Amino acid sequence: MTQHLSAITFFVDDYDSAIAYFTSVLNFTLTEDKVTGDDARFVLVTPPNSPASLLLTQAKNQVESALIGNQAADNVFLILNTNDFWRDFNDMRNKGVLFLETPREEVYGTVAIFKDKFGNKWDLIQTA
């Protein structure tokens, strides 16, 4: 049996500003953008060479709005693995990404926690 995650729902306040952030700041690719109804779209953004995407979902009510930037409470929500930590760290920092710590070397690799523009915490990591 073969299985893999293909997409993870990611709540945003606005499709277009979220697309701009993911494509211009985090260097993801807009892999799909289809209108599915009134004020609804099917939007996927994908990290380079990743089998999994984020399914951007524009919040439509108070419950969904409360999840923006808080999808994993105060924990790291997503882990962005890279083959060149320092390239991506420096690029992201130069584009204004807020890193919450100085990069550190752990037994599993080089890692630093950052916040996306919505407030979710991520790990940027290059595994050892």
# chains A, B, ... in the order shown; residues from 1 in each chain; ligands from 1
$ residues_around --residues "Lys60 in chain A" --least-positions-apart "2" --cutoff "10 Å" --atoms "only C-alpha atoms" --output "PyMOL selection string"
chain A and resi 11-13+39-40+57-58+62-65
$ select_by_dssp --residues "chain A" --states "alpha helix (DSSP H)" --output "PyMOL selection string"
chain A and resi 15-24+62-67+85-94
$ select_by_dssp --residues "chain A" --states "strand (DSSP E)" --output "VMD selection string"
chain A and resid 7 to 12 29 to 37 40 to 46 53 to 58 71 to 74 76 to 81 98 to 99 104 to 106 109 to 115 121 to 127
$ closest_residue --among "A:Gly119, A:Pro47, A:Pro103, A:Gly37" --to "Thr23 in chain A" --atoms "only C-alpha atoms"
A:Pro47
$ residues_around --residues "Thr9 in chain A" --least-positions-apart "4" --cutoff "8 Å" --atoms "only C-alpha atoms" --output "PyMOL selection string"
chain A and resi 54-57
